[in-house]
Amino acid sequence: MKKLLLAATTAAMMTGAGVASAVEIAGNVALTSDYKFRGISQTDTIAIQGGFDLGFDNGFYVGTWGSNVSFAGSLELDYYAGWAGDLSENVSVDVGYLYYDYPNSPSEDDYQEVYASVSFADFTIGAAISDDYYLETGDFYYVYADYGFEFGDGWGISLHVGMNEFAKSSEDNDASFESFLTDNADGYIDYSVGISKDFAGVTWDLSYIGTDLDEDEYFGTDLGNDSVVFTISKSL
């Protein structure tokens, strides 16, 4: 899922010089060899993705993003809204609400998060919290750090590490707690290293993405294993 990245892109658009109107519309499309969200494959095959953002000159934005998936009726649609702006010349913030919708699946698949991030220099530190994660598996906490920079003629490097934690509420039992991960796992780390290049009007990205999950901790599957993902994307 690319929603937080999309929100940051919208914020940069809104706060850039030369904004002449009260509303800016931005779109994006992508073709990727594997849709990975927080290190875990959502398709294990090719995904087609895209979204639209509306950015207002007071810093508020709303948007939607979608992708095919290999579960929950094969479709994910996300809706988000938030505010992004500069605290100083070198520090910016982004706070918002994000709803994950699987319209072809029962409602218990859907869930929500609130998120916040702070960016300074080439670093971003952020967090997301859900009060009832996917398939009603309880509280979820995510913290992450990103580092990215550009060099040469349209080249970019990105580094990411995130911590995923699943916590029991007072009424949860072990069965509910373990329903997202297996083998008594209560959290995992995801990471990625990527290189990108702007060429011929699109962005070409090659990333190494993975987690520290064993197959026994994710239902005996290899969906959390490390892999190389190739993505072609374009901003509209």
# chains A, B, ... in the order shown; residues from 1 in each chain; ligands from 1
$ select_by_dssp --residues "segment 25-206 of chain A" --states "strand (DSSP E or B)" --output "PyMOL selection string"
chain A and resi 25-32+36-37+40-41+47-56+60-68+75-86+91-101+111-120+123-130+139-151+155-167+187-199+202-206
$ closest_atom_pairs --of "segment 98-126 of chain A" --to "segment 56-66 of chain A" --cutoff "12 Å" --atoms "only C-alpha atoms" --output "Markdown table"
| residue | atom | partner | partner_atom | distance |
| --- | --- | --- | --- | --- |
| A:Leu98 | CA | A:Thr64 | CA | 9.4 |
| A:Tyr99 | CA | A:Thr64 | CA | 9.4 |
| A:Tyr100 | CA | A:Trp65 | CA | 9.5 |
| A:Asp101 | CA | A:Gly66 | CA | 9.3 |
| A:Tyr102 | CA | A:Gly66 | CA | 9.8 |
| A:Pro103 | CA | A:Gly66 | CA | 11.0 |
$ residues_around --residues "Asp214 of chain A" --least-positions-apart "6" --cutoff "12 Å" --atoms "only C-alpha atoms" --output "ChimeraX atom specification"
/A:40,181-185,187-189,220-226
$ write_last_selection --atoms "N, CA and C atoms" --output "short mmCIF file (atom, residue, chain, number, x, y, z; two decimals), in the first residue's frame"
data_model
loop_
_atom_site.label_atom_id
_atom_site.label_comp_id
_atom_site.auth_asym_id
_atom_site.auth_seq_id
_atom_site.Cartn_x
_atom_site.Cartn_y
_atom_site.Cartn_z
N ILE A 40 4.77 -7.87 3.32
CA ILE A 40 4.03 -9.10 3.05
C ILE A 40 3.32 -8.97 1.71
N LEU A 181 -0.94 -13.38 12.84
CA LEU A 181 0.28 -14.16 12.70
C LEU A 181 0.10 -15.49 13.40
N THR A 182 0.91 -16.46 13.05
CA THR A 182 0.83 -17.77 13.66
C THR A 182 2.11 -18.08 14.43
N ASP A 183 2.14 -19.27 15.04
CA ASP A 183 3.30 -19.74 15.80
C ASP A 183 3.65 -18.78 16.93
N ASN A 184 2.60 -18.17 17.56
CA ASN A 184 2.75 -17.28 18.72
C ASN A 184 3.50 -15.99 18.41
N ALA A 185 3.64 -15.62 17.15
CA ALA A 185 4.32 -14.38 16.80
C ALA A 185 3.42 -13.18 17.12
N GLY A 187 4.60 -9.88 16.39
CA GLY A 187 5.11 -8.73 15.65
C GLY A 187 6.21 -9.14 14.70
N TYR A 188 6.58 -8.21 13.85
CA TYR A 188 7.68 -8.49 12.92
C TYR A 188 8.25 -7.18 12.40
N ILE A 189 9.40 -7.27 11.77
CA ILE A 189 10.08 -6.13 11.15
C ILE A 189 9.99 -6.27 9.64
N GLY A 220 2.52 -20.75 7.29
CA GLY A 220 3.25 -21.71 6.48
C GLY A 220 3.48 -21.29 5.05
N THR A 221 3.34 -19.99 4.76
CA THR A 221 3.52 -19.50 3.40
C THR A 221 4.83 -18.72 3.29
N ASP A 222 5.21 -18.43 2.05
CA ASP A 222 6.41 -17.65 1.80
C ASP A 222 6.09 -16.19 1.46
N LEU A 223 4.87 -15.72 1.78
CA LEU A 223 4.45 -14.38 1.40
C LEU A 223 5.22 -13.28 2.12
N GLY A 224 5.87 -13.61 3.23
CA GLY A 224 6.69 -12.63 3.94
C GLY A 224 8.17 -12.76 3.66
N ASN A 225 8.53 -13.65 2.73
CA ASN A 225 9.94 -13.84 2.41
C ASN A 225 10.49 -12.67 1.61
N ASP A 226 11.81 -12.50 1.65
CA ASP A 226 12.47 -11.46 0.89
C ASP A 226 12.32 -11.72 -0.61
#
$ closest_residue --among "A:Leu87, A:Arg38, A:Val228, A:Ser207" --to "Asn164 of chain A" --atoms "only C-alpha atoms"
A:Arg38
$ residues_around --residues "Asp153 of chain A" --least-positions-apart "3" --cutoff "9 Å" --atoms "only C-alpha atoms" --output "PyMOL selection string"
chain A and resi 150+197-198
$ write_last_selection --atoms "N, CA and C atoms" --output "short mmCIF file (atom, residue, chain, number, x, y, z; two decimals), in the first residue's frame"
data_model
loop_
_atom_site.label_atom_id
_atom_site.label_comp_id
_atom_site.auth_asym_id
_atom_site.auth_seq_id
_atom_site.Cartn_x
_atom_site.Cartn_y
_atom_site.Cartn_z
N GLU A 150 17.98 11.83 -3.97
CA GLU A 150 18.15 11.79 -5.41
C GLU A 150 19.58 12.13 -5.78
N LYS A 197 14.64 5.31 -11.20
CA LYS A 197 15.13 6.17 -12.27
C LYS A 197 13.95 6.73 -13.04
N ASP A 198 13.92 8.05 -13.23
CA ASP A 198 12.92 8.68 -14.08
C ASP A 198 13.42 8.64 -15.52
#
$ residues_around --residues "segment 41-50 of chain A" --least-positions-apart "2" --cutoff "8 Å" --atoms "only C-alpha atoms" --output "list of chain:residue names"
A:Gly27, A:Asn28, A:Val29, A:Ala30, A:Leu31, A:Thr32, A:Ser33, A:Asp34, A:Tyr35, A:Lys36, A:Phe37, A:Gly39, A:Phe52, A:Trp65, A:Gly66, A:Ser67, A:Asn68, A:Val69, A:Ser70, A:Phe71, A:Leu223, A:Gly224
$ residues_around --residues "Phe180 of chain A" --least-positions-apart "5" --cutoff "12 Å" --atoms "only C-alpha atoms" --output "PDB file with N, CA and C atoms, in the first residue's frame"
ATOM      1  N   ILE A  40       4.775  -7.871   3.323  1.00  0.00           N
ATOM      2  CA  ILE A  40       4.033  -9.103   3.045  1.00  0.00           C
ATOM      3  C   ILE A  40       3.316  -8.969   1.708  1.00  0.00           C
ATOM      4  N   ASP A 109     -13.318  -7.688   6.968  1.00  0.00           N
ATOM      5  CA  ASP A 109     -12.024  -7.485   6.317  1.00  0.00           C
ATOM      6  C   ASP A 109     -11.591  -6.021   6.392  1.00  0.00           C
ATOM      7  N   ASP A 132      -8.535  -1.981  15.413  1.00  0.00           N
ATOM      8  CA  ASP A 132      -9.041  -3.316  15.098  1.00  0.00           C
ATOM      9  C   ASP A 132      -8.557  -3.674  13.701  1.00  0.00           C
ATOM     10  N   TYR A 133      -7.439  -4.374  13.632  1.00  0.00           N
ATOM     11  CA  TYR A 133      -6.733  -4.603  12.376  1.00  0.00           C
ATOM     12  C   TYR A 133      -7.479  -5.595  11.494  1.00  0.00           C
ATOM     13  N   TYR A 134      -6.893  -5.913  10.361  1.00  0.00           N
ATOM     14  CA  TYR A 134      -7.523  -6.780   9.347  1.00  0.00           C
ATOM     15  C   TYR A 134      -8.075  -8.069   9.969  1.00  0.00           C
ATOM     16  N   LEU A 135      -9.298  -8.444   9.550  1.00  0.00           N
ATOM     17  CA  LEU A 135     -10.030  -9.605  10.070  1.00  0.00           C
ATOM     18  C   LEU A 135     -10.274  -9.505  11.576  1.00  0.00           C
ATOM     19  N   GLU A 136     -10.439  -8.267  12.056  1.00  0.00           N
ATOM     20  CA  GLU A 136     -10.771  -8.023  13.461  1.00  0.00           C
ATOM     21  C   GLU A 136      -9.778  -8.682  14.411  1.00  0.00           C
ATOM     22  N   THR A 137      -8.492  -8.504  14.108  1.00  0.00           N
ATOM     23  CA  THR A 137      -7.441  -9.144  14.905  1.00  0.00           C
ATOM     24  C   THR A 137      -6.913  -8.256  16.024  1.00  0.00           C
ATOM     25  N   GLY A 138      -7.601  -7.162  16.329  1.00  0.00           N
ATOM     26  CA  GLY A 138      -7.233  -6.380  17.501  1.00  0.00           C
ATOM     27  C   GLY A 138      -6.345  -5.196  17.196  1.00  0.00           C
ATOM     28  N   ASP A 139      -5.791  -4.608  18.257  1.00  0.00           N
ATOM     29  CA  ASP A 139      -4.976  -3.405  18.143  1.00  0.00           C
ATOM     30  C   ASP A 139      -3.695  -3.682  17.359  1.00  0.00           C
ATOM     31  N   PHE A 140      -3.294  -2.666  16.576  1.00  0.00           N
ATOM     32  CA  PHE A 140      -2.083  -2.775  15.773  1.00  0.00           C
ATOM     33  C   PHE A 140      -1.337  -1.459  15.840  1.00  0.00           C
ATOM     34  N   ASN A 164       6.131  -3.772  13.115  1.00  0.00           N
ATOM     35  CA  ASN A 164       4.715  -4.102  13.186  1.00  0.00           C
ATOM     36  C   ASN A 164       4.450  -4.821  14.505  1.00  0.00           C
ATOM     37  N   GLU A 165       3.541  -4.282  15.321  1.00  0.00           N
ATOM     38  CA  GLU A 165       3.241  -4.878  16.619  1.00  0.00           C
ATOM     39  C   GLU A 165       1.736  -5.100  16.755  1.00  0.00           C
ATOM     40  N   PHE A 166       1.360  -6.301  17.199  1.00  0.00           N
ATOM     41  CA  PHE A 166      -0.039  -6.659  17.417  1.00  0.00           C
ATOM     42  C   PHE A 166      -0.258  -6.834  18.912  1.00  0.00           C
ATOM     43  N   ALA A 167      -1.219  -6.092  19.452  1.00  0.00           N
ATOM     44  CA  ALA A 167      -1.408  -6.082  20.901  1.00  0.00           C
ATOM     45  C   ALA A 167      -2.821  -6.520  21.251  1.00  0.00           C
ATOM     46  N   LYS A 168      -2.958  -7.245  22.340  1.00  0.00           N
ATOM     47  CA  LYS A 168      -4.259  -7.695  22.828  1.00  0.00           C
ATOM     48  C   LYS A 168      -4.929  -6.598  23.638  1.00  0.00           C
ATOM     49  N   ASP A 174      -6.107 -15.500  23.415  1.00  0.00           N
ATOM     50  CA  ASP A 174      -4.967 -15.881  22.584  1.00  0.00           C
ATOM     51  C   ASP A 174      -5.378 -16.226  21.164  1.00  0.00           C
ATOM     52  N   ALA A 175      -6.538 -16.818  20.973  1.00  0.00           N
ATOM     53  CA  ALA A 175      -6.973 -17.186  19.627  1.00  0.00           C
ATOM     54  C   ALA A 175      -7.138 -15.953  18.752  1.00  0.00           C
ATOM     55  N   ALA A 185       3.637 -15.624  17.146  1.00  0.00           N
ATOM     56  CA  ALA A 185       4.323 -14.376  16.801  1.00  0.00           C
ATOM     57  C   ALA A 185       3.421 -13.185  17.119  1.00  0.00           C
ATOM     58  N   ASP A 186       3.973 -12.148  17.711  1.00  0.00           N
ATOM     59  CA  ASP A 186       3.188 -10.961  18.056  1.00  0.00           C
ATOM     60  C   ASP A 186       3.704  -9.717  17.348  1.00  0.00           C
ATOM     61  N   GLY A 187       4.605  -9.879  16.386  1.00  0.00           N
ATOM     62  CA  GLY A 187       5.105  -8.731  15.646  1.00  0.00           C
ATOM     63  C   GLY A 187       6.214  -9.139  14.695  1.00  0.00           C
ATOM     64  N   TYR A 188       6.584  -8.207  13.854  1.00  0.00           N
ATOM     65  CA  TYR A 188       7.676  -8.488  12.922  1.00  0.00           C
ATOM     66  C   TYR A 188       8.254  -7.179  12.402  1.00  0.00           C
ATOM     67  N   GLU A 217       5.494 -18.504  10.952  1.00  0.00           N
ATOM     68  CA  GLU A 217       4.835 -17.368  11.588  1.00  0.00           C
ATOM     69  C   GLU A 217       3.803 -16.699  10.683  1.00  0.00           C
ATOM     70  N   TYR A 218       3.761 -17.093   9.404  1.00  0.00           N
ATOM     71  CA  TYR A 218       2.754 -16.551   8.505  1.00  0.00           C
ATOM     72  C   TYR A 218       2.060 -17.677   7.752  1.00  0.00           C
ATOM     73  N   PHE A 219       1.399 -18.532   8.525  1.00  0.00           N
ATOM     74  CA  PHE A 219       0.520 -19.571   8.007  1.00  0.00           C
ATOM     75  C   PHE A 219       1.221 -20.543   7.071  1.00  0.00           C
TER      76      PHE A 219
END
$ atom_distance --atom1 "atom CA of Val114 of chain A" --atom2 "atom CA of Ile157 of chain A"
27.3 Å
$ residues_around --residues "Ala26 of chain A" --least-positions-apart "3" --cutoff "7 Å" --atoms "only C-alpha atoms" --output "ChimeraX atom specification"
/A:52-54,236
$ closest_residue --among "A:Ile25, A:Leu75, A:Val143, A:Val193" --to "Ser105 of chain A" --atoms "only C-alpha atoms"
A:Leu75
$ atom_distance --atom1 "atom CA of Ala116 of chain A" --atom2 "atom CA of Gly96 of chain A"
6.5 Å
$ select_by_dssp --residues "segment 63-166 of chain A" --states "helix (DSSP H, G or I)" --output "CSV table (one decimal) with N, CA and C atoms, in the first residue's frame"
chain,number,residue,atom,x,y,z
A,72,ALA,N,-9.8,-11.6,-0.3
A,72,ALA,CA,-10.9,-10.6,0.0
A,72,ALA,C,-11.6,-10.1,-1.3
A,73,GLY,N,-11.9,-11.1,-2.1
A,73,GLY,CA,-12.6,-10.7,-3.3
A,73,GLY,C,-11.8,-10.0,-4.4
A,74,SER,N,-10.5,-10.1,-4.3
A,74,SER,CA,-9.5,-9.6,-5.3
A,74,SER,C,-9.4,-8.1,-5.5
A,107,SER,N,-17.6,-7.4,5.7
A,107,SER,CA,-17.1,-6.2,6.3
A,107,SER,C,-16.0,-6.3,7.3
A,108,GLU,N,-15.9,-7.5,7.9
A,108,GLU,CA,-14.8,-7.7,8.9
A,108,GLU,C,-13.4,-7.6,8.3
A,109,ASP,N,-13.3,-7.7,7.0
A,109,ASP,CA,-12.0,-7.5,6.3
A,109,ASP,C,-11.6,-6.0,6.4
A,134,TYR,N,-6.9,-5.9,10.4
A,134,TYR,CA,-7.5,-6.8,9.3
A,134,TYR,C,-8.1,-8.1,10.0
A,135,LEU,N,-9.3,-8.4,9.6
A,135,LEU,CA,-10.0,-9.6,10.1
A,135,LEU,C,-10.3,-9.5,11.6
A,136,GLU,N,-10.4,-8.3,12.1
A,136,GLU,CA,-10.8,-8.0,13.5
A,136,GLU,C,-9.8,-8.7,14.4
